[in-house]
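A.B. asks: What follows is the file query_37.cif, containing mmCIF, C-alpha atoms and all ligand atoms:
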```cif
data_coords
#
loop_
_atom_site.label_atom_id
_atom_site.label_comp_id
_atom_site.auth_asym_id
_atom_site.auth_seq_id
_atom_site.Cartn_x
_atom_site.Cartn_y
_atom_site.Cartn_z
CA MET A 1 -35.01 6.38 -41.94
CA THR A 2 -35.21 6.77 -38.18
CA ASP A 3 -32.88 9.30 -36.62
CA LEU A 4 -30.29 7.35 -34.62
CA SER A 5 -28.21 10.35 -33.57
CA LYS A 6 -29.32 10.22 -29.90
CA ILE A 7 -28.09 6.65 -29.42
CA THR A 8 -25.01 6.62 -31.68
CA LYS A 9 -21.87 8.74 -32.03
CA ASP A 10 -20.35 9.03 -35.52
CA GLY A 11 -22.59 6.11 -36.49
CA LYS A 12 -21.19 3.83 -33.80
CA ALA A 13 -22.74 2.53 -30.61
CA PHE A 14 -21.77 1.30 -27.16
CA TYR A 15 -24.56 0.27 -24.80
CA LEU A 16 -24.38 -0.81 -21.18
CA ALA A 17 -26.84 -3.69 -20.73
CA TYR A 18 -28.48 -4.16 -17.33
CA ASP A 19 -31.62 -6.23 -17.91
CA GLN A 20 -30.01 -9.42 -16.57
CA GLY A 21 -31.85 -9.10 -13.23
CA MET A 22 -34.96 -10.21 -15.06
CA GLU A 23 -33.36 -12.57 -17.55
CA HIS A 24 -31.05 -14.41 -15.12
CA GLY A 25 -32.04 -13.26 -11.62
CA PRO A 26 -29.71 -11.78 -9.01
CA ALA A 27 -27.32 -14.74 -9.52
CA ASP A 28 -25.35 -12.51 -11.91
CA PHE A 29 -24.85 -9.84 -9.22
CA ASP A 30 -22.74 -9.24 -6.14
CA SER A 31 -23.53 -6.80 -3.35
CA ASP A 32 -22.04 -3.98 -5.39
CA ASN A 33 -23.51 -4.37 -8.87
CA VAL A 34 -26.91 -5.48 -7.54
CA ASP A 35 -27.50 -1.77 -6.92
CA PRO A 36 -28.85 -0.07 -10.07
CA GLN A 37 -27.50 3.23 -8.80
CA LYS A 38 -23.94 1.89 -9.22
CA ILE A 39 -24.68 0.90 -12.81
CA ILE A 40 -26.10 4.33 -13.56
CA GLY A 41 -22.82 5.79 -12.33
CA ILE A 42 -20.90 3.62 -14.83
CA ALA A 43 -23.37 4.38 -17.63
CA ALA A 44 -23.00 8.13 -17.09
CA SER A 45 -19.19 7.98 -17.45
CA GLY A 46 -19.28 9.34 -20.98
CA TYR A 47 -18.14 6.10 -22.64
CA PHE A 48 -21.63 4.88 -23.56
CA THR A 49 -24.18 5.90 -26.14
CA GLY A 50 -26.98 4.29 -24.14
CA VAL A 51 -27.98 2.27 -21.11
CA ILE A 52 -30.45 -0.63 -21.30
CA PHE A 53 -33.02 -1.10 -18.54
CA GLN A 54 -36.39 -2.67 -18.03
CA LYS A 55 -39.09 -0.19 -17.05
CA GLY A 56 -39.07 -0.75 -13.25
CA ILE A 57 -35.43 0.25 -12.87
CA ALA A 58 -35.78 3.08 -15.37
CA GLU A 59 -38.73 4.61 -13.50
CA LYS A 60 -37.04 4.45 -10.11
CA TYR A 61 -33.43 5.28 -10.98
CA TYR A 62 -33.43 7.22 -14.26
CA THR A 63 -36.59 9.19 -15.02
CA ASN A 64 -36.37 12.82 -13.88
CA THR A 65 -32.87 12.37 -12.45
CA GLU A 66 -29.63 14.10 -13.39
CA PHE A 67 -28.57 10.90 -15.19
CA ALA A 68 -31.27 11.33 -17.80
CA GLN A 69 -29.18 14.19 -19.20
CA LYS A 70 -25.98 12.15 -19.18
CA VAL A 71 -26.81 8.93 -21.00
CA PRO A 72 -29.71 8.01 -23.31
CA LEU A 73 -32.09 5.29 -22.15
CA ILE A 74 -32.91 2.23 -24.23
CA LEU A 75 -35.98 0.66 -22.72
CA LYS A 76 -36.44 -3.08 -23.13
CA LEU A 77 -40.12 -3.74 -23.87
CA ASN A 78 -40.21 -7.50 -23.35
CA GLY A 79 -38.52 -9.98 -21.08
CA LYS A 80 -38.70 -13.33 -19.33
CA THR A 81 -37.00 -15.24 -16.53
CA ASN A 82 -34.81 -18.31 -16.94
CA LEU A 83 -36.97 -20.28 -14.48
CA VAL A 84 -39.32 -21.72 -17.07
CA GLN A 85 -37.11 -24.04 -19.07
CA ASN A 86 -38.83 -24.11 -22.40
CA MET A 87 -37.20 -25.47 -25.54
CA ASP A 88 -39.23 -22.81 -27.34
CA PRO A 89 -38.93 -19.53 -25.46
CA TYR A 90 -41.44 -16.68 -25.61
CA SER A 91 -40.63 -13.29 -24.16
CA PRO A 92 -43.85 -11.31 -23.63
CA GLN A 93 -44.19 -7.58 -24.05
CA ILE A 94 -44.39 -5.91 -20.64
CA CYS A 95 -44.08 -2.24 -21.55
CA SER A 96 -45.64 -0.15 -24.32
CA VAL A 97 -44.02 2.40 -26.61
CA ASP A 98 -46.08 5.17 -24.99
CA GLU A 99 -44.91 4.18 -21.51
CA ALA A 100 -41.33 4.07 -22.78
CA ILE A 101 -41.65 7.64 -24.08
CA GLN A 102 -43.11 8.80 -20.75
CA ILE A 103 -40.24 7.13 -18.91
CA GLY A 104 -37.81 9.09 -21.08
CA ALA A 105 -36.54 6.45 -23.50
CA SER A 106 -34.51 7.49 -26.54
CA ALA A 107 -35.00 4.03 -28.10
CA VAL A 108 -36.82 0.77 -27.41
CA GLY A 109 -35.70 -2.84 -27.61
CA TYR A 110 -37.42 -6.18 -28.06
CA THR A 111 -36.08 -9.77 -28.11
CA ILE A 112 -37.19 -12.17 -30.81
CA TYR A 113 -36.18 -15.79 -30.25
CA VAL A 114 -35.48 -16.81 -33.82
CA GLY A 115 -36.43 -20.46 -34.30
CA SER A 116 -38.88 -20.65 -31.40
CA ASN A 117 -42.35 -22.09 -31.97
CA TYR A 118 -43.63 -18.80 -30.53
CA GLU A 119 -41.84 -16.81 -33.23
CA SER A 120 -45.12 -15.67 -34.83
CA LYS A 121 -46.38 -14.24 -31.51
CA MET A 122 -43.14 -12.27 -31.11
CA PHE A 123 -43.37 -11.12 -34.75
CA GLU A 124 -46.84 -9.70 -34.05
CA GLU A 125 -45.67 -7.79 -30.98
CA PHE A 126 -42.49 -6.61 -32.67
CA SER A 127 -44.28 -5.31 -35.74
CA GLN A 128 -46.83 -3.43 -33.64
CA ILE A 129 -43.98 -1.86 -31.67
CA GLU A 130 -42.17 -1.06 -34.93
CA GLN A 131 -45.20 0.86 -36.23
CA GLU A 132 -45.71 2.76 -32.97
CA ALA A 133 -42.04 3.54 -32.39
CA HIS A 134 -41.32 4.67 -35.94
CA ALA A 135 -44.46 6.82 -36.03
CA LYS A 136 -42.77 8.74 -33.19
CA ASN A 137 -39.27 8.59 -34.71
CA LEU A 138 -38.11 6.35 -31.86
CA PRO A 139 -35.36 3.87 -32.86
CA LEU A 140 -36.07 0.17 -32.43
CA ILE A 141 -33.36 -2.30 -31.47
CA GLY A 142 -34.05 -5.98 -32.12
CA TRP A 143 -32.37 -8.53 -29.86
CA MET A 144 -32.23 -11.30 -32.49
CA TYR A 145 -31.41 -14.37 -30.45
CA ILE A 146 -31.35 -17.86 -31.91
CA LYS A 147 -33.18 -20.24 -29.61
CA GLY A 148 -35.87 -22.85 -30.15
CA SER A 149 -36.65 -26.19 -31.68
CA GLY A 150 -36.63 -24.72 -35.20
CA ALA A 151 -32.99 -23.76 -34.74
CA SER A 152 -31.87 -27.02 -33.23
CA GLY A 153 -29.27 -28.89 -35.26
CA ARG A 154 -28.87 -26.03 -37.77
CA ASP A 155 -25.61 -24.30 -38.62
CA LEU A 156 -24.96 -21.35 -36.27
CA GLY A 157 -23.29 -19.19 -38.93
CA GLU A 158 -26.21 -19.62 -41.29
CA LEU A 159 -28.69 -18.92 -38.48
CA SER A 160 -26.83 -15.78 -37.36
CA ALA A 161 -27.05 -14.34 -40.86
CA TYR A 162 -30.73 -15.37 -40.98
CA ALA A 163 -31.43 -13.64 -37.65
CA ALA A 164 -29.60 -10.52 -38.87
CA ARG A 165 -31.56 -10.48 -42.12
CA LEU A 166 -34.77 -10.93 -40.21
CA GLY A 167 -33.96 -7.77 -38.25
CA LEU A 168 -33.63 -5.86 -41.52
CA GLU A 169 -36.83 -7.36 -42.92
CA MET A 170 -38.78 -6.59 -39.73
CA GLY A 171 -37.75 -2.92 -39.68
CA ALA A 172 -35.22 -2.88 -36.83
CA ASP A 173 -32.86 0.11 -36.93
CA ILE A 174 -30.22 -1.76 -34.98
CA ILE A 175 -29.94 -5.43 -34.15
CA LYS A 176 -28.14 -7.00 -31.26
CA ILE A 177 -26.83 -10.48 -31.95
CA LYS A 178 -24.52 -12.91 -30.22
CA TYR A 179 -21.05 -13.49 -31.58
CA PRO A 180 -21.30 -16.54 -33.88
CA GLU A 181 -18.50 -19.11 -34.19
CA ASN A 182 -15.96 -16.95 -36.04
CA GLU A 183 -15.29 -13.59 -37.69
CA GLN A 184 -16.24 -14.81 -41.16
CA GLU A 185 -19.72 -15.78 -39.95
CA LEU A 186 -20.11 -12.42 -38.23
CA LYS A 187 -19.09 -10.57 -41.42
CA TRP A 188 -21.74 -12.48 -43.35
CA ALA A 189 -24.35 -11.63 -40.72
CA VAL A 190 -23.41 -7.93 -40.96
CA GLU A 191 -23.74 -8.09 -44.75
CA ALA A 192 -27.09 -9.82 -44.43
CA ALA A 193 -28.31 -7.03 -42.11
CA GLY A 194 -27.77 -4.43 -44.87
CA LYS A 195 -28.54 -0.91 -43.65
CA THR A 196 -29.61 -2.20 -40.24
CA LYS A 197 -26.72 -1.63 -37.85
CA VAL A 198 -25.32 -4.59 -35.95
CA VAL A 199 -24.10 -4.56 -32.36
CA VAL A 200 -22.85 -7.66 -30.58
CA SER A 201 -23.82 -8.64 -27.04
CA GLY A 202 -21.11 -9.35 -24.49
CA GLY A 203 -22.10 -12.71 -22.99
CA ILE A 204 -20.70 -14.26 -19.85
CA ARG A 205 -17.62 -12.68 -18.37
CA GLU A 206 -14.34 -13.57 -20.09
CA THR A 207 -10.78 -12.56 -19.29
CA GLU A 208 -10.16 -8.99 -20.37
CA GLU A 209 -7.76 -10.09 -23.12
CA ILE A 210 -10.21 -12.55 -24.66
CA PHE A 211 -13.06 -10.08 -24.46
CA LEU A 212 -11.16 -7.15 -25.98
CA ASN A 213 -10.05 -9.40 -28.85
CA GLU A 214 -13.70 -10.23 -29.44
CA VAL A 215 -14.55 -6.52 -29.54
CA LYS A 216 -11.77 -6.00 -32.12
CA SER A 217 -13.10 -8.87 -34.17
CA CYS A 218 -16.61 -7.39 -34.07
CA MET A 219 -15.34 -4.06 -35.35
CA ASN A 220 -13.24 -5.80 -38.05
CA SER A 221 -16.41 -7.54 -39.17
CA GLY A 222 -18.19 -4.28 -39.88
CA CYS A 223 -20.29 -4.11 -36.71
CA SER A 224 -21.34 -0.70 -35.44
CA GLY A 225 -20.49 -1.44 -31.84
CA MET A 226 -21.24 -3.49 -28.75
CA ALA A 227 -23.96 -3.93 -26.10
CA VAL A 228 -22.18 -5.25 -23.03
CA GLY A 229 -23.29 -6.02 -19.50
CA ARG A 230 -21.48 -8.63 -17.42
CA ASN A 231 -18.03 -8.10 -18.94
CA ILE A 232 -18.22 -4.53 -17.64
CA TRP A 233 -20.16 -4.43 -14.40
CA GLN A 234 -18.78 -7.75 -13.12
CA SER A 235 -15.25 -6.42 -13.69
CA ASP A 236 -13.14 -5.24 -10.75
CA ASN A 237 -12.67 -2.00 -12.65
CA PRO A 238 -15.74 -1.34 -14.81
CA LEU A 239 -14.63 2.10 -15.97
CA ALA A 240 -11.20 0.87 -17.10
CA ILE A 241 -12.63 -1.89 -19.30
CA ALA A 242 -15.38 0.43 -20.56
CA GLU A 243 -12.72 2.90 -21.65
CA LYS A 244 -10.78 0.16 -23.50
CA ILE A 245 -13.90 -1.07 -25.30
CA HIS A 246 -14.84 2.51 -26.15
CA ASN A 247 -11.39 3.16 -27.61
CA ILE A 248 -11.56 0.06 -29.81
CA ILE A 249 -15.03 0.96 -31.12
CA TRP A 250 -13.99 4.53 -31.94
CA SER A 251 -10.42 3.79 -33.07
P1 LIG B 1 -24.32 -9.44 -21.40
O1 LIG B 1 -23.25 -8.58 -22.04
O2 LIG B 1 -24.20 -9.47 -19.92
O3 LIG B 1 -24.36 -10.80 -22.05
O4 LIG B 1 -25.70 -8.71 -21.71
C1 LIG B 1 -26.26 -8.71 -23.00
C2 LIG B 1 -27.62 -9.39 -22.99
O5 LIG B 1 -28.17 -9.42 -24.28
C3 LIG B 1 -28.62 -8.76 -22.04
O6 LIG B 1 -29.28 -7.67 -22.65
C4 LIG B 1 -29.52 -9.91 -21.73
O7 LIG B 1 -30.08 -9.83 -20.47
C5 LIG B 1 -28.58 -11.07 -21.73
O8 LIG B 1 -27.49 -10.73 -22.56
C6 LIG B 1 -29.22 -12.32 -22.23
O9 LIG B 1 -28.29 -13.34 -22.12
P2 LIG B 1 -28.71 -14.86 -22.34
O10 LIG B 1 -29.29 -14.95 -23.71
O11 LIG B 1 -27.42 -15.58 -22.18
O12 LIG B 1 -29.70 -15.18 -21.29
#
```
Would you mind writing the file's structure down as structure tokens?
Ligand code: FBP

C.D. replies:
Amino acid sequence: MTDLSKITKDGKAFYLAYDQGMEHGPADFDSDNVDPQKIIGIAASGYFTGVIFQKGIAEKYYTNTEFAQKVPLILKLNGKTNLVQNMDPYSPQICSVDEAIQIGASAVGYTIYVGSNYESKMFEEFSQIEQEAHAKNLPLIGWMYIKGSGASGRDLGELSAYAARLGLEMGADIIKIKYPENEQELKWAVEAAGKTKVVVSGGIRETEEIFLNEVKSCMNSGCSGMAVGRNIWQSDNPLAIAEKIHNIIWS
């Protein structure tokens, strides 16, 4: 089993996600949170067990800086924009495991679009990464996102459990999934993931009350934590909401 101690605390996890600049463009940002340096400041607050970047930001704002000592880096190895509207998304690998290690990553991440016609291409890249990362005892986090013509019209609860199981079958140490329709479906997905830990992604910004209830529901469902971006760094007080999420995860 891969050693997850660098990116978890007491078996639980809380990651600050900041790869949206590639996935959604600067539309998600304002003049404050567009600056990666500001995000690093939040990430280094002590509430997080990791920060998620693509390689460009990591190289310029993290590697060989004081922050590298304060919060572990999870380097995303693939990505895409939202400009190409494809029913069947493919997110190509843009960074290798070796580069990630040089950049100072404590773990790597890769998105598989479960149900896409390009699934097999992403499987090939993921399994190559899995071999390379695990040979170096580097944890692998699978973003298991349901999107594509193969998923269309299917039951979301069933697909969430399928995506979670796929993460286990593919060798992911941790999977990041979206909250399905209800707590019961999430519990089933967590069961399906077996010994692979499950964290839930934050999604678009909600009111604090709604979002914190979702975090509670995730923890009630047996998840190991959260990977949140917009609900934190789009907040008027990122550190205050980060503290509340942290306290729910480790309550
Ligand atoms: P958020 O908490 O902001 O949703 O971030 C989590 C995340 O998984 C990011 O890592 C990723 O960029 C984004 O969501 C993808 O969101 P979507 O699938 O809606 O494009």

A.B. asks: Select the residues contacting ligand LIG 1 (chain B) at a distance of at most 8 Å, based on all atoms listed in the file, then format the selection as a ChimeraX atom specification.

C.D. replies: /A:16-24,52,82,143,145,176-178,201-205,227-232

A.B. asks: Extract, using all atoms listed in the file, all DNA, RNA and protein residues at most 10 Å from Gly104 (chain A), discarding same-chain residues fewer than 3 positions from it, and format them as a PDB file with C-alpha atoms, in the coordinates of the input.

C.D. replies:
```
ATOM      1  CA  ALA A  58     -35.780   3.080 -15.370  1.00  0.00           C
ATOM      2  CA  GLU A  59     -38.730   4.610 -13.500  1.00  0.00           C
ATOM      3  CA  TYR A  62     -33.430   7.220 -14.260  1.00  0.00           C
ATOM      4  CA  THR A  63     -36.590   9.190 -15.020  1.00  0.00           C
ATOM      5  CA  ASN A  64     -36.370  12.820 -13.880  1.00  0.00           C
ATOM      6  CA  ALA A  68     -31.270  11.330 -17.800  1.00  0.00           C
ATOM      7  CA  PRO A  72     -29.710   8.010 -23.310  1.00  0.00           C
ATOM      8  CA  LEU A  73     -32.090   5.290 -22.150  1.00  0.00           C
ATOM      9  CA  ILE A  74     -32.910   2.230 -24.230  1.00  0.00           C
ATOM     10  CA  LEU A  75     -35.980   0.660 -22.720  1.00  0.00           C
ATOM     11  CA  ASP A  98     -46.080   5.170 -24.990  1.00  0.00           C
ATOM     12  CA  GLU A  99     -44.910   4.180 -21.510  1.00  0.00           C
ATOM     13  CA  ALA A 100     -41.330   4.070 -22.780  1.00  0.00           C
ATOM     14  CA  ILE A 101     -41.650   7.640 -24.080  1.00  0.00           C
ATOM     15  CA  ALA A 107     -35.000   4.030 -28.100  1.00  0.00           C
TER      16      ALA A 107
END
```

A.B. asks: Taking into account all atoms listed in the file, which residue in the set A:Ile129, A:Met87, A:Ala240, A:Ile7 is nearest to Thr49 (chain A)?

C.D. replies: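 Answer, going by the shortest atom-to-atom distance: A:Ile7.
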
A.B. asks: With only C-alpha atoms as the basis for distance, which of A:Val190, A:Met1, A:Cys95, A:Ile39 is at the shortest distance from Lys76 (chain A)?

C.D. replies: A:Cys95

A.B. asks: Quick one: pull the distance between CA of Glu191 (chain A) and CA of Asp173 (chain A), Å, one decimal.

C.D. replies: 14.5 Å

A.B. asks: Rank nothing, just name the residue among A:Ser221, A:Met170, A:Lys147, A:Lys80 nearest to Asn182 (chain A), using all atoms listed in the file.

C.D. replies: A:Ser221

A.B. asks: May I ask which of the residues A:Asp35, A:Pro92, A:Asn137, A:Glu66 is the closest one to Leu4 (chain A), counting all atoms listed in the file?

C.D. replies: A:Asn137

A.B. asks: Kindly indicate which residue among A:Tyr90, A:Tyr47, A:Phe211, A:Tyr61 lies nearest to Thr8 (chain A), using all atoms listed in the file for the distances.

C.D. replies: A:Tyr47

A.B. asks: Write out as a PyMOL selection string each polymer residue whose atoms come within 10 Å of Leu159 (chain A), counting only C-alpha atoms; drop sequence neighbours fewer than 6 positions from it.

C.D. replies: chain A and resi 114-115+145-146+151+165+180+185+189

A.B. asks: Point out the residue among A:Gln54, A:Asn117, A:Asn220, A:Ser235 with the least atom-to-atom distance to Ile248 (chain A), counting only C-alpha atoms.

C.D. replies: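 Of the candidates, the smallest distance to Ile248 (chain A) is held by A:Asn220.
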
A.B. asks: Can you measure CA of Lys195 (chain A) to CA of Ile249 (chain A) for me? One decimal in Å is fine.

C.D. replies: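 These atoms are spaced 18.5 Å apart.
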